[in-house]
Every structure is written in C-alpha cells, then in structure tokens.
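For reference, model-v6.cif is printed below; it contains mmCIF, C-alpha atoms.
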```
data_entry
loop_
_atom_site.label_atom_id
_atom_site.label_comp_id
_atom_site.auth_asym_id
_atom_site.auth_seq_id
_atom_site.Cartn_x
_atom_site.Cartn_y
_atom_site.Cartn_z
CA MET J 8 30.41 40.62 104.21
CA GLY J 9 34.00 39.77 103.22
CA ASN J 10 36.23 41.61 100.80
CA PRO J 11 34.53 41.19 97.37
CA TRP J 12 37.86 41.54 95.56
CA LEU J 13 39.37 38.50 97.30
CA ALA J 14 38.85 35.10 95.71
CA MET J 15 38.20 33.17 98.93
CA ALA J 16 37.28 33.82 102.52
CA SER J 17 39.93 33.03 105.09
CA GLY J 18 39.95 29.33 105.96
CA ALA J 19 37.94 28.26 102.89
CA ASP J 20 38.80 24.96 101.22
CA PRO J 21 40.35 25.69 97.78
CA ALA J 22 39.34 22.31 96.34
CA GLU J 23 35.70 22.76 97.32
CA ARG J 24 35.76 26.33 96.03
CA VAL J 25 37.10 25.14 92.67
CA ARG J 26 34.35 22.53 92.37
CA ALA J 27 31.60 25.01 93.23
CA VAL J 28 32.81 27.64 90.78
CA ARG J 29 33.42 25.10 88.01
CA ARG J 30 29.82 23.91 88.32
CA ALA J 31 28.66 27.51 88.20
CA HIS J 32 30.83 28.20 85.15
CA GLU J 33 29.41 25.21 83.29
CA ALA J 34 25.85 26.29 84.16
CA PHE J 35 26.53 29.82 82.94
CA MET J 36 27.94 28.57 79.65
CA THR J 37 24.99 26.27 78.99
CA GLU J 38 22.09 28.16 80.58
CA GLY J 39 23.29 31.75 80.99
CA ALA J 40 22.38 31.78 84.69
CA VAL J 41 24.89 32.82 87.37
CA SER J 42 24.94 30.89 90.64
CA SER J 43 25.17 32.61 94.01
CA ALA J 44 28.47 30.78 94.43
CA VAL J 45 30.03 33.29 92.01
CA ARG J 46 31.30 36.63 93.31
CA PRO J 47 29.52 39.66 91.80
CA VAL J 48 32.73 41.02 90.25
CA VAL J 49 33.25 37.68 88.49
CA ALA J 50 29.59 37.30 87.49
CA ASP J 51 29.63 40.76 85.92
CA SER J 52 32.84 39.91 84.05
CA TRP J 53 31.37 36.64 82.74
CA ARG J 54 28.40 38.58 81.40
CA ARG J 55 30.66 41.14 79.72
CA SER J 56 32.70 38.32 78.19
CA ALA J 57 29.56 36.64 76.89
CA ARG J 58 28.28 39.90 75.40
CA ALA J 59 31.64 40.37 73.68
CA ARG J 60 31.28 36.80 72.33
CA VAL J 61 34.64 35.75 73.70
CA ASP J 62 35.54 32.24 72.54
CA GLN J 63 36.02 30.28 75.77
CA GLU J 64 38.22 27.77 73.95
CA GLY J 65 40.29 30.34 72.05
CA LEU J 66 43.63 31.94 72.83
CA ALA J 67 44.41 35.56 73.54
CA PRO J 68 45.54 37.18 70.26
CA ILE J 69 49.11 38.44 69.93
CA ASP J 70 49.23 42.09 68.85
CA LEU J 71 52.94 42.85 69.03
CA ALA J 72 56.13 40.86 68.62
CA ASP J 73 59.87 41.25 68.12
CA ALA J 74 61.12 44.74 67.23
CA GLU J 75 57.66 46.32 67.30
CA LEU J 76 57.07 45.01 70.82
CA GLU J 77 60.50 46.19 71.98
CA ALA J 78 59.95 49.69 70.62
CA TYR J 79 56.43 49.94 72.05
CA ARG J 80 57.27 48.92 75.58
CA ALA J 81 60.49 50.96 75.65
CA ASP J 82 58.36 54.08 75.11
CA HIS J 83 55.64 53.07 77.57
CA PRO J 84 55.53 54.96 80.91
CA LEU J 85 55.55 51.69 82.87
CA ALA J 86 59.04 50.95 81.51
CA ARG J 87 60.31 53.55 83.99
CA VAL J 88 59.02 51.54 86.96
CA MET J 89 59.77 48.07 85.63
CA PRO J 90 62.95 47.87 87.79
CA LEU J 91 60.73 48.56 90.81
CA PHE J 92 58.29 45.82 89.78
CA ARG J 93 61.20 43.40 89.49
CA GLU J 94 62.58 44.48 92.85
CA LEU J 95 59.26 44.00 94.66
CA LEU J 96 57.78 41.04 92.79
CA GLY J 97 60.47 39.55 90.53
CA THR J 98 62.32 37.55 93.17
CA ILE J 99 59.05 36.34 94.66
CA ALA J 100 57.94 35.21 91.21
CA HIS J 101 61.13 33.23 90.57
CA ASP J 102 61.23 31.66 94.04
CA GLY J 103 57.52 31.03 94.33
CA ALA J 104 57.06 29.36 90.94
CA HIS J 105 54.78 32.01 89.49
CA LEU J 106 54.94 34.93 87.08
CA LEU J 107 55.21 38.69 87.20
CA ALA J 108 53.25 40.31 84.37
CA VAL J 109 52.77 43.95 83.42
CA CYS J 110 50.27 45.11 80.79
CA ASP J 111 49.31 48.44 79.24
CA GLU J 112 45.92 50.13 79.53
CA GLN J 113 44.57 48.07 76.60
CA GLY J 114 45.43 44.78 78.34
CA ARG J 115 48.42 44.21 76.05
CA MET J 116 51.13 42.28 77.91
CA LEU J 117 54.40 44.23 77.99
CA TRP J 118 56.45 41.92 80.21
CA VAL J 119 55.87 38.37 81.46
CA GLU J 120 58.73 37.18 83.67
CA GLY J 121 59.39 34.60 86.36
CA HIS J 122 59.99 30.93 86.91
CA THR J 123 61.15 29.33 83.64
CA GLY J 124 58.98 26.24 83.88
CA VAL J 125 55.88 28.24 84.76
CA ARG J 126 56.58 30.67 81.93
CA HIS J 127 56.75 27.81 79.43
CA GLU J 128 53.41 26.50 80.70
CA ALA J 129 51.89 29.97 80.36
CA GLU J 130 53.09 30.26 76.76
CA ARG J 131 50.68 27.46 75.85
CA MET J 132 47.75 29.80 76.55
CA ASN J 133 49.46 32.85 74.96
CA PHE J 134 50.19 34.48 78.31
CA VAL J 135 53.19 36.16 76.73
CA ALA J 136 54.46 39.65 76.02
CA GLY J 137 52.55 41.21 73.14
CA ALA J 138 49.30 39.28 73.73
CA ARG J 139 45.97 41.00 74.47
CA TRP J 140 44.52 40.02 77.85
CA ASP J 141 41.75 42.58 78.14
CA GLU J 142 38.31 41.07 78.81
CA ARG J 143 37.13 41.66 75.26
CA HIS J 144 39.84 39.37 73.90
CA ALA J 145 40.62 36.97 76.79
CA GLY J 146 37.51 36.96 78.96
CA THR J 147 37.62 37.11 82.74
CA ASN J 148 41.19 37.29 84.08
CA ALA J 149 42.87 39.37 86.78
CA PRO J 150 44.73 41.98 84.68
CA GLY J 151 41.88 42.34 82.17
CA THR J 152 39.20 42.60 84.85
CA ALA J 153 41.33 44.96 86.99
CA LEU J 154 41.56 47.31 84.00
CA THR J 155 37.83 47.10 83.31
CA VAL J 156 36.67 47.81 86.87
CA ASP J 157 39.72 49.94 87.76
CA HIS J 158 40.34 48.04 90.99
CA ALA J 159 42.72 45.40 92.29
CA VAL J 160 41.18 41.93 92.05
CA GLN J 161 41.97 38.22 92.39
CA ILE J 162 40.66 35.71 89.86
CA PHE J 163 40.77 32.13 91.09
CA ALA J 164 40.89 28.98 88.96
CA ALA J 165 37.46 28.30 87.38
CA GLU J 166 36.51 31.97 87.77
CA HIS J 167 38.48 32.49 84.55
CA TYR J 168 36.27 32.57 81.47
CA HIS J 169 38.61 30.56 79.25
CA HIS J 170 38.94 26.86 80.01
CA ALA J 171 42.68 26.92 79.27
CA VAL J 172 43.26 29.54 81.98
CA GLN J 173 41.27 27.80 84.72
CA PRO J 174 44.26 25.90 86.20
CA TRP J 175 45.73 29.31 87.12
CA THR J 176 45.09 31.90 89.81
CA CYS J 177 46.12 35.53 89.50
CA ALA J 178 45.98 38.87 91.30
CA ALA J 179 46.33 42.24 89.58
CA ALA J 180 46.11 45.93 90.40
CA PRO J 181 45.75 48.93 88.05
CA VAL J 182 48.50 51.56 87.85
CA HIS J 183 47.73 55.23 87.11
CA ASP J 184 49.73 58.24 86.06
CA PRO J 185 49.83 60.25 89.31
CA HIS J 186 50.07 63.55 87.41
CA THR J 187 46.94 63.07 85.28
CA GLY J 188 45.09 60.12 86.81
CA ARG J 189 45.24 58.31 83.44
CA LEU J 190 45.18 54.53 83.58
CA LEU J 191 48.58 53.24 82.44
CA GLY J 192 48.09 49.48 82.81
CA ALA J 193 48.20 46.82 85.49
CA VAL J 194 50.70 44.73 87.43
CA ASP J 195 49.86 41.05 87.97
CA ILE J 196 51.15 37.89 89.61
CA THR J 197 49.98 34.59 88.16
CA GLY J 198 50.52 31.05 89.39
CA GLY J 199 48.84 28.30 91.38
CA ASP J 200 46.07 28.14 93.98
CA HIS J 201 48.34 29.56 96.70
CA LEU J 202 47.89 32.99 95.12
CA ALA J 203 44.24 32.95 96.24
CA ALA J 204 45.47 33.90 99.73
CA PRO J 205 44.79 37.53 100.78
CA HIS J 206 48.48 38.45 100.84
CA SER J 207 48.82 38.22 97.04
CA LEU J 208 46.16 40.87 96.46
CA ALA J 209 47.70 43.13 99.11
CA LEU J 210 51.10 42.60 97.51
CA VAL J 211 50.09 43.73 94.01
CA GLN J 212 48.14 46.67 95.45
CA ALA J 213 51.19 47.81 97.42
CA THR J 214 53.39 47.37 94.34
CA ALA J 215 51.03 49.44 92.18
CA ARG J 216 50.98 52.22 94.80
CA ALA J 217 54.78 52.14 95.04
CA ALA J 218 55.03 52.48 91.26
CA GLU J 219 52.66 55.45 91.29
CA GLY J 220 54.77 57.00 94.06
CA ARG J 221 57.92 56.56 91.99
CA LEU J 222 56.22 58.14 88.95
CA ALA J 223 54.92 60.99 91.10
CA ALA J 224 58.49 61.87 92.06
CA GLU J 225 59.33 62.38 88.40
CA ALA J 226 58.42 65.39 86.34
CA PRO J 227 55.63 64.69 83.84
CA CYS J 228 57.08 63.58 80.52
CA THR J 229 55.02 66.16 78.58
CA PRO J 230 52.56 68.79 79.68
CA GLY J 231 49.90 67.32 77.40
CA PRO J 232 46.26 68.36 77.49
CA ARG J 233 44.66 69.36 80.74
CA ALA J 234 42.13 66.54 80.54
CA LEU J 235 41.65 63.14 78.93
CA LEU J 236 38.23 61.77 77.96
CA THR J 237 37.90 58.03 77.34
CA ALA J 238 34.64 56.93 75.73
CA LEU J 239 35.43 54.10 73.29
CA GLY J 240 33.97 50.76 74.31
CA ARG J 241 32.44 52.33 77.42
CA ASP J 242 28.80 53.00 78.30
CA GLU J 243 29.92 55.77 80.67
CA ALA J 244 32.89 57.95 79.77
CA LEU J 245 35.86 58.44 82.07
CA LEU J 246 37.22 61.97 82.47
CA LEU J 247 40.70 62.47 83.87
CA THR J 248 41.25 66.09 84.85
CA ASP J 249 43.62 67.75 87.31
CA GLY J 250 44.55 64.35 88.69
CA ARG J 251 40.91 63.41 89.36
CA ARG J 252 39.10 60.45 87.84
CA LEU J 253 35.44 61.16 87.10
CA ARG J 254 33.11 58.45 85.83
CA LEU J 255 30.39 60.39 84.03
CA GLY J 256 26.76 59.36 83.74
CA PRO J 257 25.33 58.52 80.29
CA ARG J 258 23.98 62.01 79.48
CA HIS J 259 27.06 63.80 80.79
CA SER J 260 29.19 61.40 78.76
CA GLU J 261 27.30 62.37 75.61
CA ILE J 262 27.65 66.08 76.32
CA MET J 263 31.39 65.85 76.94
CA VAL J 264 31.96 63.77 73.80
CA LEU J 265 30.02 66.24 71.68
CA LEU J 266 31.73 69.31 73.12
CA ALA J 267 35.17 67.72 72.78
CA ALA J 268 34.40 67.11 69.09
CA HIS J 269 33.38 70.77 68.66
CA PRO J 270 36.09 72.90 70.33
CA GLU J 271 34.50 75.99 68.79
CA GLY J 272 31.46 75.38 70.98
CA LEU J 273 27.79 74.63 70.39
CA SER J 274 24.74 76.80 70.91
CA GLY J 275 22.03 75.53 73.22
CA ASP J 276 19.76 74.73 70.27
CA ARG J 277 22.48 72.86 68.40
CA LEU J 278 23.55 70.89 71.47
CA ALA J 279 19.91 69.96 72.14
CA LEU J 280 19.56 68.74 68.55
CA GLU J 281 22.74 66.65 68.84
CA LEU J 282 21.47 65.14 72.10
CA TYR J 283 17.74 64.75 71.53
CA GLY J 284 17.26 64.77 67.75
CA GLU J 285 13.60 65.04 66.70
CA GLN J 286 12.62 65.28 70.36
CA ALA J 287 14.63 68.50 70.83
CA ASP J 288 11.63 70.79 70.34
CA ARG J 289 9.63 68.84 72.92
CA ARG J 290 12.39 69.02 75.52
CA SER J 291 12.27 72.13 77.63
CA PRO J 292 15.47 74.20 77.44
CA VAL J 293 15.38 73.97 81.22
CA THR J 294 16.10 70.22 80.94
CA LEU J 295 19.33 70.82 79.04
CA ARG J 296 20.37 73.66 81.31
CA ALA J 297 19.80 71.43 84.33
CA GLU J 298 22.02 68.72 82.83
CA LEU J 299 24.73 71.27 82.08
CA SER J 300 24.46 72.73 85.58
CA ARG J 301 24.98 69.30 87.11
CA LEU J 302 27.91 68.65 84.76
CA ARG J 303 29.49 72.00 85.69
CA ARG J 304 29.39 70.98 89.36
CA LEU J 305 31.49 67.96 88.40
CA VAL J 306 34.01 69.52 86.02
CA GLY J 307 34.06 73.10 87.28
CA PRO J 308 35.54 75.79 85.02
CA LEU J 309 36.31 73.23 82.32
CA LEU J 310 32.75 73.78 81.04
CA GLY J 311 31.97 77.19 79.56
CA SER J 312 28.82 78.71 78.11
CA ARG J 313 27.62 81.10 75.37
CA PRO J 314 28.33 78.96 73.42
CA TYR J 315 28.66 75.77 75.44
CA ARG J 316 32.27 74.67 75.11
CA LEU J 317 35.25 73.14 76.88
CA CYS J 318 37.52 75.88 78.20
CA ALA J 319 40.76 73.84 78.12
CA PRO J 320 42.21 71.24 75.76
CA VAL J 321 40.63 67.83 76.25
CA ARG J 322 42.30 64.87 74.63
CA THR J 323 39.91 62.07 73.59
CA ASP J 324 40.51 58.48 72.60
CA VAL J 325 38.25 59.15 69.60
CA ALA J 326 40.67 61.82 68.37
CA ALA J 327 43.64 59.52 69.01
CA VAL J 328 42.16 56.84 66.72
CA ALA J 329 41.24 59.42 64.07
CA GLU J 330 44.78 60.81 64.06
CA GLU J 331 46.31 57.37 63.59
CA LEU J 332 43.89 56.71 60.73
CA ALA J 333 44.73 60.04 59.10
CA ALA J 334 48.43 59.22 59.36
CA GLY J 335 47.88 55.83 57.72
CA ASN J 336 48.89 53.92 60.87
CA ALA J 337 46.36 51.10 60.63
CA HIS J 338 47.85 48.90 63.36
CA ALA J 339 48.17 51.82 65.80
CA ALA J 340 44.58 52.87 65.09
CA VAL J 341 43.29 49.36 65.76
CA ARG J 342 45.31 49.15 68.98
CA ALA J 343 43.78 52.43 70.15
CA TYR J 344 40.22 51.46 69.17
CA ALA J 345 38.74 49.94 72.33
CA GLY J 346 35.28 49.53 70.82
CA PRO J 347 32.28 51.58 69.62
CA LEU J 348 31.85 55.09 71.00
CA LEU J 349 29.37 55.07 73.94
CA PRO J 350 27.69 51.97 72.46
CA LEU J 351 24.37 52.39 74.32
CA SER J 352 23.95 56.07 73.44
CA GLU J 353 21.06 57.01 71.15
CA ALA J 354 21.98 60.71 70.93
CA PRO J 355 22.02 61.50 67.19
CA GLY J 356 25.33 63.36 67.32
CA VAL J 357 27.03 60.53 69.18
CA CYS J 358 25.50 57.90 66.88
CA ARG J 359 26.87 59.78 63.87
CA MET J 360 30.36 59.99 65.39
CA ARG J 361 30.24 56.31 66.36
CA ARG J 362 29.12 55.23 62.89
CA ASN J 363 31.69 57.40 61.10
CA LEU J 364 34.61 56.21 63.23
CA GLU J 365 33.62 52.56 62.87
CA GLU J 366 33.32 52.97 59.10
CA ASP J 367 36.71 54.71 58.93
CA ILE J 368 38.29 51.83 60.85
CA ARG J 369 36.53 49.33 58.60
CA ARG J 370 37.63 51.02 55.37
CA THR J 371 41.21 51.20 56.61
CA VAL J 372 41.27 47.51 57.53
CA LEU J 373 39.81 46.48 54.18
CA ALA J 374 42.08 48.79 52.20
CA CYS J 375 45.34 47.66 53.79
CA GLY J 376 44.48 43.97 53.34
CA ASP J 377 46.60 43.00 56.36
CA LEU J 378 45.73 39.44 57.40
CA GLU J 379 45.94 40.07 61.15
CA LEU J 380 43.79 43.19 60.95
CA LEU J 381 41.19 41.37 58.85
CA ARG J 382 41.15 38.58 61.44
CA TRP J 383 40.72 41.14 64.22
CA TRP J 384 37.81 42.84 62.46
CA ALA J 385 36.08 39.57 61.60
CA ARG J 386 36.05 38.40 65.21
CA THR J 387 34.73 41.64 66.72
CA PRO J 388 31.00 41.89 67.53
CA TRP J 389 30.72 44.75 65.02
CA GLY J 390 32.64 42.97 62.26
CA GLU J 391 31.49 39.38 62.38
CA GLU J 392 28.45 40.07 60.19
CA ASP J 393 30.51 42.04 57.65
CA LEU J 394 30.31 40.08 54.41
CA GLU J 395 32.90 42.11 52.54
CA ALA J 396 35.43 41.72 55.35
CA GLY J 397 34.67 38.01 55.64
CA GLU J 398 35.25 37.51 51.92
CA ALA J 399 38.46 39.58 52.05
CA LEU J 400 39.74 37.46 54.92
CA LEU J 401 38.74 34.26 53.15
CA ALA J 402 40.63 35.36 50.05
CA ALA J 403 43.71 36.29 52.08
CA LEU J 404 43.90 33.05 54.05
CA PRO J 405 45.96 30.19 52.60
CA ALA J 406 43.90 27.17 51.60
CA HIS J 407 44.70 25.13 54.71
CA ALA J 408 45.07 27.96 57.23
CA PRO J 409 43.57 27.43 60.70
CA GLY J 410 40.19 29.10 60.95
CA ARG J 411 39.44 29.05 57.23
CA ALA J 412 37.13 26.07 57.53
CA SER J 413 35.03 27.78 60.20
CA LEU J 414 34.94 31.05 58.25
CA LEU J 415 33.64 29.49 55.05
CA PRO J 416 30.10 28.62 56.30
CA ARG J 417 29.76 32.06 57.88
CA VAL J 418 30.53 33.75 54.55
CA ARG J 419 28.09 31.44 52.75
CA ARG J 420 25.39 32.25 55.32
CA LEU J 421 25.95 35.99 54.88
CA ARG J 422 25.85 35.72 51.09
CA ALA J 423 22.56 33.88 51.34
CA ALA J 424 21.20 36.48 53.77
CA TYR J 425 22.09 39.26 51.32
CA GLY J 426 20.50 37.41 48.40
CA LEU J 427 23.84 36.60 46.76
CA THR J 428 24.92 33.37 45.15
CA ALA J 429 28.34 31.78 44.84
CA ASP J 430 28.71 33.40 41.41
CA GLY J 431 27.56 36.85 42.44
CA GLY J 432 24.05 38.15 42.75
CA PRO J 433 21.71 41.06 42.30
CA TYR J 434 23.45 43.09 45.00
CA ALA J 435 27.06 42.17 44.34
CA ASP J 436 27.87 45.58 42.86
CA ASP J 437 25.07 47.60 44.39
CA PRO J 438 25.87 49.34 47.69
CA ARG J 439 22.16 49.79 48.25
CA GLY J 440 21.61 46.06 48.56
CA PRO J 441 20.09 44.38 51.65
CA GLY J 442 22.64 45.08 54.36
CA ARG J 443 25.19 47.88 54.50
CA ARG J 444 28.09 45.42 54.40
CA ALA J 445 27.09 43.79 51.08
CA THR J 446 29.23 46.10 48.96
CA SER J 447 31.96 45.45 46.42
CA VAL J 448 31.58 41.72 46.91
CA GLN J 449 34.52 39.71 45.63
CA ARG J 450 34.46 36.23 44.18
CA THR J 451 36.07 33.78 46.52
CA GLY J 452 35.44 30.47 44.83
CA LEU J 453 32.83 29.32 47.33
#
```
Could the structure of this file be written out as structure tokens, please?
Amino acid sequence: MGNPWLAMASGADPAERVRAVRRAHEAFMTEGAVSSAVRPVVADSWRRSARARVDQEGLAPIDLADAELEAYRADHPLARVMPLFRELLGTIAHDGAHLLAVCDEQGRMLWVEGHTGVRHEAERMNFVAGARWDERHAGTNAPGTALTVDHAVQIFAAEHYHHAVQPWTCAAAPVHDPHTGRLLGAVDITGGDHLAAPHSLALVQATARAAEGRLAAEAPCTPGPRALLTALGRDEALLLTDGRRLRLGPRHSEIMVLLAAHPEGLSGDRLALELYGEQADRRSPVTLRAELSRLRRLVGPLLGSRPYRLCAPVRTDVAAVAEELAAGNAHAAVRAYAGPLLPLSEAPGVCRMRRNLEEDIRRTVLACGDLELLRWWARTPWGEEDLEAGEALLAALPAHAPGRASLLPRVRRLRAAYGLTADGGPYADDPRGPGRRATSVQRTGL
C-alpha cells in the first residue's frame, strides 16, 4: 500500500487521476456514496464537510482584515518563524508559480505570499490572509484537513470539496508548539498539478519540523497552564500535557471536561451522576473506578482522587470562549468557538455545559447585532434553524444585499413551522412556544 497522505502514486497519470476523482466527487454530491477511487483521508473529509453542510459553491468567509489582521498575526507564535518559512519556501513559491500560505490553528489564513499572478487568481476564491480555510468553512483542502487530522497531507485537484478550488493542488503540514505540544497552525504550498509530486509533501513536512526546531530553541513565551484540553467541535478531546499529545476516548473526554470545569473536585457519586444521569444508580461504582484507573494510566499524576480532581491547572478551549464572552469580546469568542462541546456526548453534565455555552454565544451574537456575526451564526449547523437569529439577520441586511433573497424563504419556513404568521402569531412573545428559538420574534415585513 502506498503513502495514504500522498495524492498520487509515483508514475500515475495526473489527467486520468483528475477525471476519476471528479467523477467520484460528482457521485458523492448527488448520491452520497464514495468511490474506491477516493483516498480514505479525502473520503472522510468529504463526509465531514457534508455533515457540516459546507456550501460547495460558496467562498471561504473572511474573519479578519486590515488593522485587526495585522495585530492578530503580529501576536501569533508563528510570526516568529515566518522568516524561516520565507527562507525555505518563499523563493520556491515565487519561482515555481505557486503560493506559500500559513494559517493559525482555527484555519484562519495569516499570510498568503508568492507569485503575483497566482496570488491574484487565488483571491477569486478568497484564498487570502484573514479568510477561514478550516474544513467547517471551506470543506476539504490541504491546510484545513491537515489541521483536522493533525498530519501532513496533499489535496489534489478534484479532491477539494469546493468546485472553485478544484483547479488547485496543495500540500500542508501542521506546526506545533514544541514546549506544550499545542497545535499552532499549518504551513501550506498551493499551486498547480505539479505539487501532487511526493517532494511537495516532504518539503512542507521538513519546513514544519524546522519551524518547530526554531521555536524549541526559544524560551516559552509564558509558563501558562501545565496542560491544555481541546474539546469544542471534537468528538474526542485532545489533551496536551508535558509536551505530549493525547487523543482521549469518548468517556475519558467527558471525565476530563467535567473535572476541568470543577477544579474543586467531584465526589464519585457526583461524577457518576454527571456522566450517567438517571442510570448512575444502576452503574456499579466499579465501572467508574475502572474508567478513572484507565485514565490515570494515560495522564499520570494529573488526575487525583478523594475527591476526583485535576492536580494541576488545565486550560480548556471552553474556558477561553467563556472568558471572551465575559469580557464582551464577541468577535474573539466566535473565533475561539470551534463548535459544540463533545457534540456526540450524552453525559448530562457535558450536555448542560454544551447547551449553556451555545446559548451564551447565541445571546451575545444577537445582542451585539453585528452583521458578520449574525451571518456566521445563521450558516452554522446549530444556528441555521434559529428563527430569531434569521429574522435579526434579515432585518440587518440591506434590501438588495447578497444572500437576502435566499434567507427570506428560510425565515418564512421557520415562522410557519413555529405556527407564526407574517404579522406575528400565538408564540411571537411566548418563549414557551413550539421550538426554543421562537422567542422575541421581530417583525421583518415578510
């Protein structure tokens, strides 16, 4: 079996490969089936993109621009190795008619540099600094997929989810903080079919390792917490501790999230209730102790007992979002919110945390009335059925704004589903109406 991260086997015909993958892409979009012609890493990414309801004809959204972008990337850790990226890849990008791109851990492009003509072509698909190229916003692409799977990968032509990106080929590798193991972002080269050759993947991998080596030679910027727990938008949490990266199983993810939210610790009975709910009494205490024993073998002295607790500071992405919300930084909170907390978890304590954080984000977006944030919320899987947000966005959009025409029937459909009419309805002012989003409904002149 060949290298699954390479786009093509040595000696393969690029034109034939493009045709085969394009047929498979069309079949997936119409039938949902994935052909054997598609690499597993790409097939999995297509499925994730479909579940996230990525618009295959849309453009990657732009999160940051101008002064805000300058300030953000100046403070980003990858700014310290940008001269190295330019030294290793910049000249190649200019001479080889392709682009050097560097993104943060959220898939937000920080720098896009290279051949002027190629850069202008890339601007037409929003492959620009400040744009979001994670899979949730841009579908399958090398930097976004590299961040998701935490591995260097090539994405070739029609393997891209978006039609507009399919003329391109790219190779990207993730970059980590060598002191903590935290994912910092990815380095990418993007251009034509020639980048499907094995050397391009090896090149970005070597560049990422060189950057990590350069960062390792520096003192850590701040001591920070001993560990970082990432659980937003992930079915399995990622724990970074003492330079190790641990992908936790579903139950261990739930336990770590709950203990991180309760630094004072939880008794065995309380932890069982948070994990199992009404089934707690039927679960033998031995079951919970066995789970905790297995978790302790993974995290060592980080996990304490009597009560169960974390014995060192653990920073979580949930806390990071909550802090931005508390400080009134709506844009920063949205940027940090990678998605629902452990979305497949049914543990009552996790479900409560997930629901509360989502509602806090929602209230903040609605309260600030910012057009871009309303647009972001309305196109997320968890916000697209939100009537109040849809009406707020409809009211904020100018009469002839792009997207307003497609939003209007969705809002009408939601009003009908909630038993509301164009002039208000029985649930317009009643938060107990059919659907938790049918609250404080505004008139929008539908």
*May I have the residues within 10 Å of Ala337 in chain J as a ChimeraX atom specification, using only C-alpha atoms and disregarding those fewer than 3 positions away in the same chain?*
/J:328,331-334,340-343,368,371-372,374-375,377,380
*Which residues, written as a ChimeraX atom specification, have at least one atom at most 12 Å from Arg301 in chain J, with only C-alpha atoms counted and residues fewer than 6 positions away on the same chain left out?*
/J:255-256,258-259,262,294-295,307,310
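The residues returned by the PyMOL selection byres ((chain J and resi 394) around 7) on the shown structure are J:Glu392, J:Asp393, J:Glu395, J:Ala396, J:Gly397, J:Glu398, J:Val418, J:Leu421, J:Arg444, J:Ala445.
Across J:Ala31, J:Leu71, J:Met15, J:Val61, the tightest approach to Asp200 in chain J is made by J:Met15 when counting all atoms listed in the file.
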*Expected selection from the PyMOL selection byres ((chain J and resi 216) around 12), given as JSON, numbers by chain*: {"J": [88, 91, 92, 95, 159, 180, 181, 182, 183, 184, 185, 193, 194, 209, 210, 211, 212, 213, 214, 215, 217, 218, 219, 220, 221, 222, 223]}
*Residues within 8 Å of (28.2, 64.1, 72.2), counting all atoms listed in the file, listed as a PyMOL selection string*: chain J and resi 260-268+281-282+354+356-357
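Selection result for the displayed file, with the PyMOL selection byres ((chain J and resi 138) around 7) as criterion, is J:Ala67, J:Pro68, J:Ile69, J:Asp70, J:Leu71, J:Arg115, J:Met116, J:Asn133, J:Phe134, J:Val135, J:Ala136, J:Gly137, J:Arg139, J:Trp140.
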Kindly provide, as AutoDock Vina command-line options, the centre and edge lengths (Å, one decimal) of an axis-aligned box around all atoms of range 261-264 of chain J given in the file, with 5 Å on each side.
```
--center_x 29.6 --center_y 64.2 --center_z 75.4 --size_x 14.7 --size_y 13.7 --size_z 13.1
```
*asked:* For a test of reading the model, state the distance in Å between CA of Pro47 in chain J and CA of Arg189 in chain J, rounded to one decimal.
replied: 25.8 Å
*Grab the CA of Ala153 in chain J to CA of Leu85 in chain J distance for me, in Å with one decimal place.*
16.3 Å
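Each of J:Asp242, J:Asp73, J:Asp367, J:Glu166 was compared to Thr147 in chain J using all atoms listed in the file, and J:Glu166 turns out to be the nearest.
The interatomic distance for the pair CA of Pro388 in chain J and CA of Ser42 in chain J works out to 26.3 Å.
Within 12 Å of Ile99 in chain J, once all atoms listed in the file are used and residues closer than 3 positions along the same chain are dropped, the contacting residues are Phe92, Arg93, Glu94, Leu95, Leu96, Asp102, Gly103, Ala104, His105, Leu106, Leu107, Glu120, Gly121, His122, Ile196, Thr197, Gly198, Leu202, Ser207, Leu210 and Val211 of chain J.
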Writer output for current selection, C-alpha atoms, as an mmCIF file, keeping the file's coordinate frame:
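That gives us out_4.cif:
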```
data_model
loop_
_atom_site.group_PDB
_atom_site.id
_atom_site.type_symbol
_atom_site.label_atom_id
_atom_site.label_comp_id
_atom_site.auth_asym_id
_atom_site.auth_seq_id
_atom_site.Cartn_x
_atom_site.Cartn_y
_atom_site.Cartn_z
ATOM 1 C CA PHE J 92 58.290 45.820 89.780
ATOM 2 C CA ARG J 93 61.200 43.400 89.490
ATOM 3 C CA GLU J 94 62.580 44.480 92.850
ATOM 4 C CA LEU J 95 59.260 44.000 94.660
ATOM 5 C CA LEU J 96 57.780 41.040 92.790
ATOM 6 C CA ASP J 102 61.230 31.660 94.040
ATOM 7 C CA GLY J 103 57.520 31.030 94.330
ATOM 8 C CA ALA J 104 57.060 29.360 90.940
ATOM 9 C CA HIS J 105 54.780 32.010 89.490
ATOM 10 C CA LEU J 106 54.940 34.930 87.080
ATOM 11 C CA LEU J 107 55.210 38.690 87.200
ATOM 12 C CA GLU J 120 58.730 37.180 83.670
ATOM 13 C CA GLY J 121 59.390 34.600 86.360
ATOM 14 C CA HIS J 122 59.990 30.930 86.910
ATOM 15 C CA ILE J 196 51.150 37.890 89.610
ATOM 16 C CA THR J 197 49.980 34.590 88.160
ATOM 17 C CA GLY J 198 50.520 31.050 89.390
ATOM 18 C CA LEU J 202 47.890 32.990 95.120
ATOM 19 C CA SER J 207 48.820 38.220 97.040
ATOM 20 C CA LEU J 210 51.100 42.600 97.510
ATOM 21 C CA VAL J 211 50.090 43.730 94.010
#
```
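Proximity ranking of J:Leu404, J:Leu154, J:Ala129, J:Leu415 relative to Thr176 in chain J places J:Ala129 first, based on only C-alpha atoms.
With only C-alpha atoms as the atoms that count, the minimum distance from Leu348 in chain J to the choices J:His127, J:Arg241, J:His169, J:Arg420 is reached by J:Arg241.
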